[in-house]
Amino acid sequence: MGKGTALITGASSGIGAELAKLCAADGYDVVLVARQRAALEDLAFSLSQAHGIAARAVIADLAGPASARAVFDSAGAVDILINNAGFGLRGAYAGTDWEAEARMIQVNVTALAHLTKLYLPGMIARRSGRILNVASTAAFVPGPFMAMYYATKAFVFSFSLAIANELQGTGVTLTVLCPGPTRTNFFETAGTADTNIIKGPSMSAASVAREGYGAMMAGKAEIIAGSRNRWMIFGTRLAPRRLLAGIARRLNSPA
Ligand SMILES: NC(=O)c1ccc[n+]([C@@H]2O[C@H](COP(=O)([O-])OP(=O)(O)OC[C@H]3O[C@@H](n4cnc5c(N)ncnc54)[C@H](OP(=O)(O)O)[C@@H]3O)[C@@H](O)[C@H]2O)c1
């Protein structure tokens, strides 16, 4: 018998695809959730072949308000829930498209919160389960020109630590992963491919996923990926927020 089932949102590329590979290599059956059918089906096929596990794709647009419920109904009970799907949006807030901002809140915040709510009662009843929510180092600073994206990640971070605390003694753990800049499709999608942030150091999606997976399996409440990012975020504790907003403004500006 297998170890159980892991559901990974945003598994069609980047950090989510790497997390799915780690779950499968560890012996978990996987349910891969995203919009891009071909990418999900290719990954499901290669993981089932490589690791002898069951892998299937659930095609879902998590920007739809009923999507979390539909994913839950389709996937059934899982032992691991990884809320990784997310995207960014760049631009001065006065000029961005509200529909796009609202979709981002729905994917980054609402779907993550709803899936957590749907899966927790079953996990608590079984006294076993692990949840990994993907936030960002953006959670720790105000982010001019990506204001809503940074704020969605601040939500994910605060929300996750609170639920992790509520879960003490239940046998269920929740971990929040904060990656810094990571080489994925994120910057193209967010419209930040020409900004200062991608001129700086970055990590591979595989190494971020490894740190997140290890922390989740160890039942840690939080993990900032990479020692450089850990030191940087430690430094933000001492700096005035106004100064941090200025630094983020430079990072989110064209290089
Ligand atoms: N890359 C970075 O520098 C970085 C830093 C910190 C945090 N993060 C976070 O890491 C997570 C993964 O991003 P990534 O860097 O791996 O970027 P990515 O390669 O662009 O992956 C994003 C994933 O989210 C899925 N997704 C986006 N919109 C969706 C929707 N409406 N419905 C369902 N799935 C959707 C995408 O799948 P489909 O397009 O197939 O739907 C894709 O699988 C995100 O939460 C991101 O905010 C990234």
# chains A, B, ... in the order shown; residues from 1 in each chain; ligands from 1
$ closest_atom_pairs --of "chain A" --to "ligand 1" --cutoff "8 Å" --atoms "only C-alpha atoms and all ligand atoms" --output "CSV"
residue,atom,partner,partner_atom_place_in_ligand_line,distance
A:Thr9,CA,ligand 1,34 (N),6.3
A:Gly10,CA,ligand 1,43 (O),3.2
A:Ala11,CA,ligand 1,43 (O),4.5
A:Ser12,CA,ligand 1,43 (O),3.9
A:Ser13,CA,ligand 1,19 (O),4.4
A:Gly14,CA,ligand 1,16 (O),3.4
A:Ile15,CA,ligand 1,16 (O),3.8
A:Gly16,CA,ligand 1,16 (O),5.6
A:Ala17,CA,ligand 1,43 (O),7.1
A:Val33,CA,ligand 1,34 (N),6.7
A:Ala34,CA,ligand 1,34 (N),3.9
A:Arg35,CA,ligand 1,41 (O),3.6
A:Gln36,CA,ligand 1,40 (O),3.7
A:Arg37,CA,ligand 1,40 (O),7.1
A:Ala39,CA,ligand 1,40 (O),7.3
A:Leu40,CA,ligand 1,40 (O),7.5
A:Ile59,CA,ligand 1,33 (C),7.9
A:Ala60,CA,ligand 1,33 (C),5.6
A:Asp61,CA,ligand 1,32 (N),3.6
A:Leu62,CA,ligand 1,32 (N),3.7
A:Ala63,CA,ligand 1,31 (N),4.5
A:Gly64,CA,ligand 1,31 (N),7.6
A:Asn83,CA,ligand 1,45 (O),7.8
A:Asn84,CA,ligand 1,45 (O),4.8
A:Ala85,CA,ligand 1,24 (O),3.6
A:Gly86,CA,ligand 1,45 (O),3.4
A:Phe87,CA,ligand 1,47 (O),4.9
A:Gly88,CA,ligand 1,47 (O),6.3
A:Arg103,CA,ligand 1,31 (N),7.1
A:Met104,CA,ligand 1,31 (N),7.7
A:Val107,CA,ligand 1,31 (N),5.8
A:Asn108,CA,ligand 1,45 (O),6.4
A:Val134,CA,ligand 1,45 (O),5.4
A:Ala135,CA,ligand 1,7 (C),5.6
A:Ser136,CA,ligand 1,6 (C),4.0
A:Thr137,CA,ligand 1,6 (C),6.2
A:Ala138,CA,ligand 1,6 (C),6.9
A:Tyr149,CA,ligand 1,47 (O),7.9
A:Lys153,CA,ligand 1,47 (O),7.4
A:Cys178,CA,ligand 1,6 (C),6.2
A:Pro179,CA,ligand 1,6 (C),4.3
A:Gly180,CA,ligand 1,5 (C),4.7
A:Pro181,CA,ligand 1,3 (O),3.4
A:Thr182,CA,ligand 1,3 (O),3.7
A:Arg183,CA,ligand 1,1 (N),5.7
A:Thr184,CA,ligand 1,19 (O),4.5
A:Asn185,CA,ligand 1,19 (O),4.1
A:Phe186,CA,ligand 1,20 (O),3.9
A:Phe187,CA,ligand 1,1 (N),6.7
A:Glu188,CA,ligand 1,20 (O),7.8
A:Thr189,CA,ligand 1,20 (O),6.3
A:Ser202,CA,ligand 1,3 (O),7.5
A:Ala205,CA,ligand 1,16 (O),6.7
$ write_last_selection --atoms "N, CA and C atoms" --output "compact mmCIF listing (two decimals), in the first residue's frame"
# COMPACT_ATOMS: atom_id res chain seq x y z
N THR A 9 -1.48 22.22 -5.72
CA THR A 9 -2.03 23.20 -6.66
C THR A 9 -0.87 23.93 -7.35
N GLY A 10 -1.11 24.35 -8.59
CA GLY A 10 -0.03 25.01 -9.34
C GLY A 10 1.09 24.05 -9.65
N ALA A 11 0.73 22.80 -9.98
CA ALA A 11 1.74 21.76 -10.22
C ALA A 11 2.20 21.72 -11.68
N SER A 12 1.68 22.62 -12.53
CA SER A 12 2.03 22.54 -13.96
C SER A 12 3.40 23.12 -14.27
N SER A 13 4.01 23.86 -13.33
CA SER A 13 5.35 24.43 -13.60
C SER A 13 6.00 24.85 -12.29
N GLY A 14 7.26 25.25 -12.38
CA GLY A 14 7.97 25.91 -11.29
C GLY A 14 8.03 25.12 -9.98
N ILE A 15 7.82 25.83 -8.89
CA ILE A 15 7.98 25.25 -7.55
C ILE A 15 6.97 24.12 -7.33
N GLY A 16 5.74 24.30 -7.83
CA GLY A 16 4.69 23.29 -7.63
C GLY A 16 5.04 21.97 -8.32
N ALA A 17 5.60 22.05 -9.54
CA ALA A 17 5.99 20.82 -10.26
C ALA A 17 7.10 20.12 -9.48
N VAL A 33 -3.03 19.86 -9.67
CA VAL A 33 -4.10 20.82 -9.98
C VAL A 33 -3.51 22.07 -10.64
N ALA A 34 -4.10 22.50 -11.75
CA ALA A 34 -3.77 23.77 -12.41
C ALA A 34 -4.68 23.89 -13.63
N ARG A 35 -4.39 24.90 -14.48
CA ARG A 35 -5.22 25.09 -15.68
C ARG A 35 -4.65 24.38 -16.91
N GLN A 36 -3.33 24.26 -17.00
CA GLN A 36 -2.71 23.76 -18.24
C GLN A 36 -2.72 22.23 -18.29
N ARG A 37 -3.71 21.72 -19.04
CA ARG A 37 -3.95 20.28 -19.08
C ARG A 37 -2.73 19.49 -19.56
N ALA A 39 0.49 20.12 -19.65
CA ALA A 39 1.64 20.10 -18.72
C ALA A 39 1.34 19.17 -17.54
N LEU A 40 0.11 19.23 -17.02
CA LEU A 40 -0.25 18.38 -15.87
C LEU A 40 -0.27 16.91 -16.26
N ILE A 59 -8.02 19.52 -13.70
CA ILE A 59 -7.92 20.82 -14.38
C ILE A 59 -8.87 21.79 -13.69
N ALA A 60 -8.31 22.87 -13.16
CA ALA A 60 -9.15 23.83 -12.44
C ALA A 60 -8.55 25.22 -12.55
N ASP A 61 -9.43 26.19 -12.74
CA ASP A 61 -9.02 27.60 -12.68
C ASP A 61 -9.38 28.09 -11.28
N LEU A 62 -8.37 28.24 -10.44
CA LEU A 62 -8.62 28.59 -9.03
C LEU A 62 -9.08 30.03 -8.86
N ALA A 63 -9.15 30.78 -9.97
CA ALA A 63 -9.72 32.13 -9.89
C ALA A 63 -11.25 32.09 -9.84
N GLY A 64 -11.83 30.90 -10.07
CA GLY A 64 -13.30 30.77 -9.99
C GLY A 64 -13.71 30.57 -8.54
N ASN A 83 -0.77 24.10 -1.04
CA ASN A 83 -1.36 25.28 -1.67
C ASN A 83 -0.24 26.14 -2.25
N ASN A 84 0.10 25.86 -3.51
CA ASN A 84 1.24 26.54 -4.13
C ASN A 84 0.82 27.50 -5.24
N ALA A 85 -0.34 27.28 -5.87
CA ALA A 85 -0.73 28.10 -7.03
C ALA A 85 -0.75 29.56 -6.64
N GLY A 86 -0.23 30.40 -7.52
CA GLY A 86 -0.24 31.83 -7.25
C GLY A 86 0.41 32.57 -8.39
N PHE A 87 0.12 33.86 -8.46
CA PHE A 87 0.79 34.67 -9.49
C PHE A 87 0.85 36.12 -9.04
N GLY A 88 1.70 36.89 -9.71
CA GLY A 88 1.90 38.30 -9.37
C GLY A 88 1.40 39.20 -10.48
N ARG A 103 -8.79 38.44 -9.55
CA ARG A 103 -8.42 37.04 -9.83
C ARG A 103 -7.22 36.63 -8.97
N MET A 104 -6.28 37.57 -8.81
CA MET A 104 -5.09 37.25 -8.00
C MET A 104 -5.47 37.01 -6.53
N VAL A 107 -7.00 33.52 -6.36
CA VAL A 107 -6.06 32.39 -6.45
C VAL A 107 -5.13 32.37 -5.24
N ASN A 108 -4.49 33.52 -4.94
CA ASN A 108 -3.44 33.54 -3.90
C ASN A 108 -4.01 33.43 -2.49
N VAL A 134 2.30 28.17 0.25
CA VAL A 134 3.44 28.92 -0.31
C VAL A 134 3.15 30.42 -0.24
N ALA A 135 3.91 31.11 0.61
CA ALA A 135 3.83 32.58 0.69
C ALA A 135 5.01 33.12 -0.11
N SER A 136 5.82 34.00 0.49
CA SER A 136 6.95 34.62 -0.22
C SER A 136 7.70 35.49 0.78
N THR A 137 8.95 35.82 0.45
CA THR A 137 9.62 36.85 1.26
C THR A 137 8.92 38.19 1.08
N ALA A 138 8.09 38.32 0.05
CA ALA A 138 7.27 39.53 -0.14
C ALA A 138 6.28 39.72 1.01
N TYR A 149 -0.03 42.00 -4.73
CA TYR A 149 0.66 40.70 -4.64
C TYR A 149 1.36 40.57 -3.29
N LYS A 153 0.55 37.85 -0.07
CA LYS A 153 1.53 36.95 0.56
C LYS A 153 1.64 37.24 2.06
N CYS A 178 8.33 30.46 2.50
CA CYS A 178 8.58 31.79 1.93
C CYS A 178 9.79 31.74 1.01
N PRO A 179 9.57 31.57 -0.30
CA PRO A 179 10.70 31.64 -1.23
C PRO A 179 11.06 33.10 -1.49
N GLY A 180 12.34 33.35 -1.78
CA GLY A 180 12.74 34.63 -2.37
C GLY A 180 12.71 34.44 -3.88
N PRO A 181 13.38 35.35 -4.63
CA PRO A 181 13.39 35.21 -6.09
C PRO A 181 13.82 33.81 -6.54
N THR A 182 13.00 33.18 -7.38
CA THR A 182 13.20 31.79 -7.78
C THR A 182 13.01 31.72 -9.30
N ARG A 183 13.89 30.97 -9.97
CA ARG A 183 13.85 30.94 -11.45
C ARG A 183 12.69 30.06 -11.95
N THR A 184 11.55 30.73 -12.22
CA THR A 184 10.35 30.05 -12.74
C THR A 184 9.68 30.98 -13.75
N ASN A 185 8.45 30.62 -14.17
CA ASN A 185 7.69 31.49 -15.09
C ASN A 185 7.11 32.71 -14.39
N PHE A 186 7.28 32.77 -13.06
CA PHE A 186 6.61 33.81 -12.26
C PHE A 186 6.81 35.22 -12.82
N PHE A 187 8.06 35.56 -13.17
CA PHE A 187 8.37 36.94 -13.53
C PHE A 187 7.76 37.34 -14.88
N GLU A 188 7.72 36.37 -15.82
CA GLU A 188 7.03 36.61 -17.11
C GLU A 188 5.56 36.90 -16.86
N THR A 189 4.93 36.01 -16.08
CA THR A 189 3.48 36.13 -15.82
C THR A 189 3.17 37.45 -15.11
N SER A 202 19.16 34.47 -7.25
CA SER A 202 17.90 33.72 -7.24
C SER A 202 18.21 32.25 -6.95
N ALA A 205 13.96 26.36 -8.64
CA ALA A 205 12.68 25.87 -8.09
C ALA A 205 12.90 24.57 -7.32
$ select_by_dssp --residues "segment 12-55 of chain A" --states "helix (DSSP H, G or I)" --output "PyMOL selection string"
chain A and resi 14-25+37-51
$ write_last_selection --atoms "N, CA and C atoms" --output "PDB file, in the first residue's frame"
ATOM      1  N   GLY A  14       7.256  25.253 -12.382  1.00  0.00           N
ATOM      2  CA  GLY A  14       7.965  25.911 -11.288  1.00  0.00           C
ATOM      3  C   GLY A  14       8.029  25.124  -9.981  1.00  0.00           C
ATOM      4  N   ILE A  15       7.820  25.827  -8.888  1.00  0.00           N
ATOM      5  CA  ILE A  15       7.977  25.252  -7.548  1.00  0.00           C
ATOM      6  C   ILE A  15       6.966  24.118  -7.327  1.00  0.00           C
ATOM      7  N   GLY A  16       5.737  24.299  -7.825  1.00  0.00           N
ATOM      8  CA  GLY A  16       4.694  23.288  -7.635  1.00  0.00           C
ATOM      9  C   GLY A  16       5.041  21.972  -8.321  1.00  0.00           C
ATOM     10  N   ALA A  17       5.596  22.052  -9.541  1.00  0.00           N
ATOM     11  CA  ALA A  17       5.988  20.823 -10.255  1.00  0.00           C
ATOM     12  C   ALA A  17       7.103  20.118  -9.483  1.00  0.00           C
ATOM     13  N   GLU A  18       8.032  20.895  -8.925  1.00  0.00           N
ATOM     14  CA  GLU A  18       9.138  20.285  -8.161  1.00  0.00           C
ATOM     15  C   GLU A  18       8.620  19.661  -6.859  1.00  0.00           C
ATOM     16  N   LEU A  19       7.646  20.302  -6.230  1.00  0.00           N
ATOM     17  CA  LEU A  19       7.058  19.718  -5.014  1.00  0.00           C
ATOM     18  C   LEU A  19       6.339  18.412  -5.345  1.00  0.00           C
ATOM     19  N   ALA A  20       5.651  18.388  -6.492  1.00  0.00           N
ATOM     20  CA  ALA A  20       4.960  17.161  -6.915  1.00  0.00           C
ATOM     21  C   ALA A  20       5.966  16.030  -7.133  1.00  0.00           C
ATOM     22  N   LYS A  21       7.119  16.356  -7.728  1.00  0.00           N
ATOM     23  CA  LYS A  21       8.155  15.328  -7.954  1.00  0.00           C
ATOM     24  C   LYS A  21       8.649  14.764  -6.626  1.00  0.00           C
ATOM     25  N   LEU A  22       8.816  15.639  -5.624  1.00  0.00           N
ATOM     26  CA  LEU A  22       9.307  15.169  -4.312  1.00  0.00           C
ATOM     27  C   LEU A  22       8.273  14.261  -3.636  1.00  0.00           C
ATOM     28  N   CYS A  23       6.997  14.640  -3.727  1.00  0.00           N
ATOM     29  CA  CYS A  23       5.935  13.808  -3.130  1.00  0.00           C
ATOM     30  C   CYS A  23       5.936  12.421  -3.786  1.00  0.00           C
ATOM     31  N   ALA A  24       6.004  12.407  -5.123  1.00  0.00           N
ATOM     32  CA  ALA A  24       5.957  11.136  -5.858  1.00  0.00           C
ATOM     33  C   ALA A  24       7.182  10.284  -5.544  1.00  0.00           C
ATOM     34  N   ALA A  25       8.358  10.918  -5.499  1.00  0.00           N
ATOM     35  CA  ALA A  25       9.595  10.179  -5.218  1.00  0.00           C
ATOM     36  C   ALA A  25       9.557   9.580  -3.820  1.00  0.00           C
ATOM     37  N   ARG A  37      -3.708  21.715 -19.038  1.00  0.00           N
ATOM     38  CA  ARG A  37      -3.948  20.278 -19.075  1.00  0.00           C
ATOM     39  C   ARG A  37      -2.727  19.489 -19.561  1.00  0.00           C
ATOM     40  N   ALA A  38      -2.126  19.919 -20.673  1.00  0.00           N
ATOM     41  CA  ALA A  38      -1.032  19.134 -21.262  1.00  0.00           C
ATOM     42  C   ALA A  38       0.137  19.011 -20.280  1.00  0.00           C
ATOM     43  N   ALA A  39       0.492  20.118 -19.651  1.00  0.00           N
ATOM     44  CA  ALA A  39       1.637  20.096 -18.716  1.00  0.00           C
ATOM     45  C   ALA A  39       1.338  19.171 -17.536  1.00  0.00           C
ATOM     46  N   LEU A  40       0.105  19.225 -17.023  1.00  0.00           N
ATOM     47  CA  LEU A  40      -0.253  18.384 -15.870  1.00  0.00           C
ATOM     48  C   LEU A  40      -0.272  16.911 -16.255  1.00  0.00           C
ATOM     49  N   GLU A  41      -0.849  16.622 -17.444  1.00  0.00           N
ATOM     50  CA  GLU A  41      -0.948  15.215 -17.851  1.00  0.00           C
ATOM     51  C   GLU A  41       0.426  14.626 -18.146  1.00  0.00           C
ATOM     52  N   ASP A  42       1.315  15.433 -18.751  1.00  0.00           N
ATOM     53  CA  ASP A  42       2.692  14.964 -19.003  1.00  0.00           C
ATOM     54  C   ASP A  42       3.398  14.658 -17.684  1.00  0.00           C
ATOM     55  N   LEU A  43       3.253  15.557 -16.708  1.00  0.00           N
ATOM     56  CA  LEU A  43       3.932  15.352 -15.420  1.00  0.00           C
ATOM     57  C   LEU A  43       3.329  14.136 -14.698  1.00  0.00           C
ATOM     58  N   ALA A  44       2.006  14.014 -14.747  1.00  0.00           N
ATOM     59  CA  ALA A  44       1.354  12.868 -14.087  1.00  0.00           C
ATOM     60  C   ALA A  44       1.876  11.557 -14.691  1.00  0.00           C
ATOM     61  N   PHE A  45       1.980  11.517 -16.027  1.00  0.00           N
ATOM     62  CA  PHE A  45       2.457  10.296 -16.698  1.00  0.00           C
ATOM     63  C   PHE A  45       3.898   9.998 -16.284  1.00  0.00           C
ATOM     64  N   SER A  46       4.765  11.009 -16.325  1.00  0.00           N
ATOM     65  CA  SER A  46       6.178  10.739 -16.030  1.00  0.00           C
ATOM     66  C   SER A  46       6.366  10.358 -14.564  1.00  0.00           C
ATOM     67  N   LEU A  47       5.593  10.934 -13.653  1.00  0.00           N
ATOM     68  CA  LEU A  47       5.747  10.583 -12.229  1.00  0.00           C
ATOM     69  C   LEU A  47       5.249   9.162 -11.947  1.00  0.00           C
ATOM     70  N   SER A  48       4.148   8.782 -12.605  1.00  0.00           N
ATOM     71  CA  SER A  48       3.640   7.426 -12.365  1.00  0.00           C
ATOM     72  C   SER A  48       4.608   6.384 -12.922  1.00  0.00           C
ATOM     73  N   GLN A  49       5.205   6.709 -14.087  1.00  0.00           N
ATOM     74  CA  GLN A  49       6.191   5.779 -14.673  1.00  0.00           C
ATOM     75  C   GLN A  49       7.444   5.680 -13.809  1.00  0.00           C
ATOM     76  N   ALA A  50       7.931   6.825 -13.345  1.00  0.00           N
ATOM     77  CA  ALA A  50       9.214   6.857 -12.617  1.00  0.00           C
ATOM     78  C   ALA A  50       9.104   6.251 -11.226  1.00  0.00           C
ATOM     79  N   HIS A  51       7.956   6.425 -10.567  1.00  0.00           N
ATOM     80  CA  HIS A  51       7.893   6.066  -9.146  1.00  0.00           C
ATOM     81  C   HIS A  51       6.839   5.008  -8.813  1.00  0.00           C
TER      82      HIS A  51
END
$ select_by_dssp --residues "segment 99-178 of chain A" --states "strand (DSSP E)" --output "MDAnalysis selection string"
chainID A and resid 129:134 172:178
$ atom_distance --atom1 "atom CA of Ala6 of chain A" --atom2 "atom CA of Val156 of chain A"
20.1 Å
$ residues_around --residues "Gly122 of chain A" --least-positions-apart "5" --cutoff "10 Å" --atoms "only C-alpha atoms" --output "PyMOL selection string"
chain A and resi 77-79+117+127-129
$ write_last_selection --atoms "C-alpha atoms" --output "PDB file, in the first residue's frame"
ATOM      1  CA  ALA A  77      -9.413  12.855   0.999  1.00  0.00           C
ATOM      2  CA  VAL A  78      -5.691  13.614   0.914  1.00  0.00           C
ATOM      3  CA  ASP A  79      -2.852  13.227   3.392  1.00  0.00           C
ATOM      4  CA  LYS A 117     -10.881  24.893   5.406  1.00  0.00           C
ATOM      5  CA  ARG A 127      -5.315  12.912  13.554  1.00  0.00           C
ATOM      6  CA  SER A 128      -2.918  13.038  10.629  1.00  0.00           C
ATOM      7  CA  GLY A 129      -2.150  15.339   7.735  1.00  0.00           C
TER       8      GLY A 129
END
$ closest_residue --among "A:Arg242, A:Arg130, A:Lys199, A:Lys3" --to "Thr170 of chain A" --atoms "only C-alpha atoms"
A:Arg130
$ residues_around --residues "Met216 of chain A" --least-positions-apart "2" --cutoff "8 Å" --atoms "only C-alpha atoms" --output "PDB file with N, CA and C atoms, in the first residue's frame"
ATOM      1  N   ARG A 130      -0.698  16.836   6.569  1.00  0.00           N
ATOM      2  CA  ARG A 130       0.276  17.935   6.477  1.00  0.00           C
ATOM      3  C   ARG A 130      -0.200  18.913   5.418  1.00  0.00           C
ATOM      4  N   ILE A 131      -0.066  20.202   5.734  1.00  0.00           N
ATOM      5  CA  ILE A 131      -0.410  21.251   4.772  1.00  0.00           C
ATOM      6  C   ILE A 131       0.819  22.139   4.580  1.00  0.00           C
ATOM      7  N   LEU A 132       1.091  22.490   3.326  1.00  0.00           N
ATOM      8  CA  LEU A 132       2.166  23.432   3.007  1.00  0.00           C
ATOM      9  C   LEU A 132       1.559  24.579   2.202  1.00  0.00           C
ATOM     10  N   THR A 173      -0.206  19.178  10.881  1.00  0.00           N
ATOM     11  CA  THR A 173       0.693  20.340  10.897  1.00  0.00           C
ATOM     12  C   THR A 173       0.487  21.187   9.658  1.00  0.00           C
ATOM     13  N   LEU A 174       0.750  22.478   9.800  1.00  0.00           N
ATOM     14  CA  LEU A 174       0.695  23.403   8.671  1.00  0.00           C
ATOM     15  C   LEU A 174       2.002  24.194   8.639  1.00  0.00           C
ATOM     16  N   THR A 175       2.612  24.229   7.460  1.00  0.00           N
ATOM     17  CA  THR A 175       3.901  24.897   7.269  1.00  0.00           C
ATOM     18  C   THR A 175       3.742  25.982   6.226  1.00  0.00           C
ATOM     19  N   GLY A 212      11.137  23.440   1.295  1.00  0.00           N
ATOM     20  CA  GLY A 212       9.734  23.469   1.726  1.00  0.00           C
ATOM     21  C   GLY A 212       9.234  22.089   2.102  1.00  0.00           C
ATOM     22  N   TYR A 213       9.586  21.106   1.285  1.00  0.00           N
ATOM     23  CA  TYR A 213       9.128  19.730   1.531  1.00  0.00           C
ATOM     24  C   TYR A 213       9.712  19.206   2.854  1.00  0.00           C
ATOM     25  N   GLY A 214      11.004  19.475   3.069  1.00  0.00           N
ATOM     26  CA  GLY A 214      11.659  19.024   4.303  1.00  0.00           C
ATOM     27  C   GLY A 214      11.018  19.651   5.533  1.00  0.00           C
ATOM     28  N   ALA A 218       8.906  17.800   8.485  1.00  0.00           N
ATOM     29  CA  ALA A 218       9.381  17.936   9.874  1.00  0.00           C
ATOM     30  C   ALA A 218       8.322  18.608  10.756  1.00  0.00           C
ATOM     31  N   GLY A 219       7.222  19.072  10.145  1.00  0.00           N
ATOM     32  CA  GLY A 219       6.149  19.701  10.917  1.00  0.00           C
ATOM     33  C   GLY A 219       6.482  21.103  11.395  1.00  0.00           C
ATOM     34  N   LYS A 220       7.458  21.757  10.739  1.00  0.00           N
ATOM     35  CA  LYS A 220       7.816  23.138  11.129  1.00  0.00           C
ATOM     36  C   LYS A 220       6.718  24.107  10.719  1.00  0.00           C
ATOM     37  N   ALA A 221       6.552  25.182  11.484  1.00  0.00           N
ATOM     38  CA  ALA A 221       5.511  26.152  11.146  1.00  0.00           C
ATOM     39  C   ALA A 221       5.921  27.039   9.980  1.00  0.00           C
TER      40      ALA A 221
END
$ closest_residue --among "A:Ala92, A:Ala154, A:Ala225, A:Leu118" --to "Ser253 of chain A" --atoms "only C-alpha atoms"
A:Ala92
$ atom_distance --atom1 "atom CA of Ile82 of chain A" --atom2 "atom CA of Leu177 of chain A"
10.3 Å
$ closest_residue --among "A:Ala162, A:Ala125, A:Leu112, A:Leu7" --to "Gly76 of chain A" --atoms "only C-alpha atoms"
A:Leu7
$ decode --residues "segment 186-204 of chain A" --atoms "N, CA and C atoms" --output "mmCIF file, in the first residue's frame"
data_model
loop_
_atom_site.group_PDB
_atom_site.id
_atom_site.type_symbol
_atom_site.label_atom_id
_atom_site.label_comp_id
_atom_site.auth_asym_id
_atom_site.auth_seq_id
_atom_site.Cartn_x
_atom_site.Cartn_y
_atom_site.Cartn_z
ATOM 1 N N PHE A 186 7.284 32.774 -13.061
ATOM 2 C CA PHE A 186 6.613 33.809 -12.259
ATOM 3 C C PHE A 186 6.810 35.223 -12.821
ATOM 4 N N PHE A 187 8.058 35.558 -13.172
ATOM 5 C CA PHE A 187 8.375 36.945 -13.532
ATOM 6 C C PHE A 187 7.757 37.336 -14.880
ATOM 7 N N GLU A 188 7.718 36.370 -15.819
ATOM 8 C CA GLU A 188 7.032 36.612 -17.108
ATOM 9 C C GLU A 188 5.558 36.897 -16.860
ATOM 10 N N THR A 189 4.927 36.007 -16.078
ATOM 11 C CA THR A 189 3.485 36.131 -15.817
ATOM 12 C C THR A 189 3.167 37.446 -15.111
ATOM 13 N N ALA A 190 4.039 37.838 -14.174
ATOM 14 C CA ALA A 190 3.774 39.037 -13.369
ATOM 15 C C ALA A 190 4.101 40.324 -14.118
ATOM 16 N N GLY A 191 4.787 40.208 -15.264
ATOM 17 C CA GLY A 191 5.198 41.407 -15.987
ATOM 18 C C GLY A 191 6.396 42.083 -15.335
ATOM 19 N N THR A 192 7.246 41.288 -14.663
ATOM 20 C CA THR A 192 8.389 41.870 -13.960
ATOM 21 C C THR A 192 9.718 41.410 -14.562
ATOM 22 N N ALA A 193 9.665 40.896 -15.797
ATOM 23 C CA ALA A 193 10.875 40.316 -16.390
ATOM 24 C C ALA A 193 11.957 41.367 -16.649
ATOM 25 N N ASP A 194 11.596 42.672 -16.641
ATOM 26 C CA ASP A 194 12.603 43.710 -16.910
ATOM 27 C C ASP A 194 12.980 44.491 -15.649
ATOM 28 N N THR A 195 12.632 43.980 -14.474
ATOM 29 C CA THR A 195 12.847 44.770 -13.249
ATOM 30 C C THR A 195 14.151 44.390 -12.549
ATOM 31 N N ASN A 196 14.527 45.226 -11.566
ATOM 32 C CA ASN A 196 15.777 45.011 -10.838
ATOM 33 C C ASN A 196 15.794 43.681 -10.086
ATOM 34 N N ILE A 197 14.619 43.210 -9.675
ATOM 35 C CA ILE A 197 14.592 42.037 -8.790
ATOM 36 C C ILE A 197 15.241 40.823 -9.458
ATOM 37 N N ILE A 198 15.092 40.712 -10.775
ATOM 38 C CA ILE A 198 15.651 39.494 -11.379
ATOM 39 C C ILE A 198 17.126 39.645 -11.753
ATOM 40 N N LYS A 199 17.683 40.832 -11.492
ATOM 41 C CA LYS A 199 19.138 40.981 -11.693
ATOM 42 C C LYS A 199 19.912 40.460 -10.484
ATOM 43 N N GLY A 200 19.201 40.306 -9.351
ATOM 44 C CA GLY A 200 19.859 39.856 -8.120
ATOM 45 C C GLY A 200 19.946 38.340 -8.062
ATOM 46 N N PRO A 201 20.446 37.812 -6.937
ATOM 47 C CA PRO A 201 20.566 36.369 -6.774
ATOM 48 C C PRO A 201 19.200 35.691 -6.759
ATOM 49 N N SER A 202 19.164 34.466 -7.254
ATOM 50 C CA SER A 202 17.903 33.718 -7.240
ATOM 51 C C SER A 202 18.211 32.251 -6.952
ATOM 52 N N MET A 203 17.165 31.497 -6.614
ATOM 53 C CA MET A 203 17.320 30.062 -6.339
ATOM 54 C C MET A 203 16.630 29.262 -7.439
ATOM 55 N N SER A 204 16.968 27.979 -7.549
ATOM 56 C CA SER A 204 16.245 27.105 -8.475
ATOM 57 C C SER A 204 14.948 26.657 -7.799
#
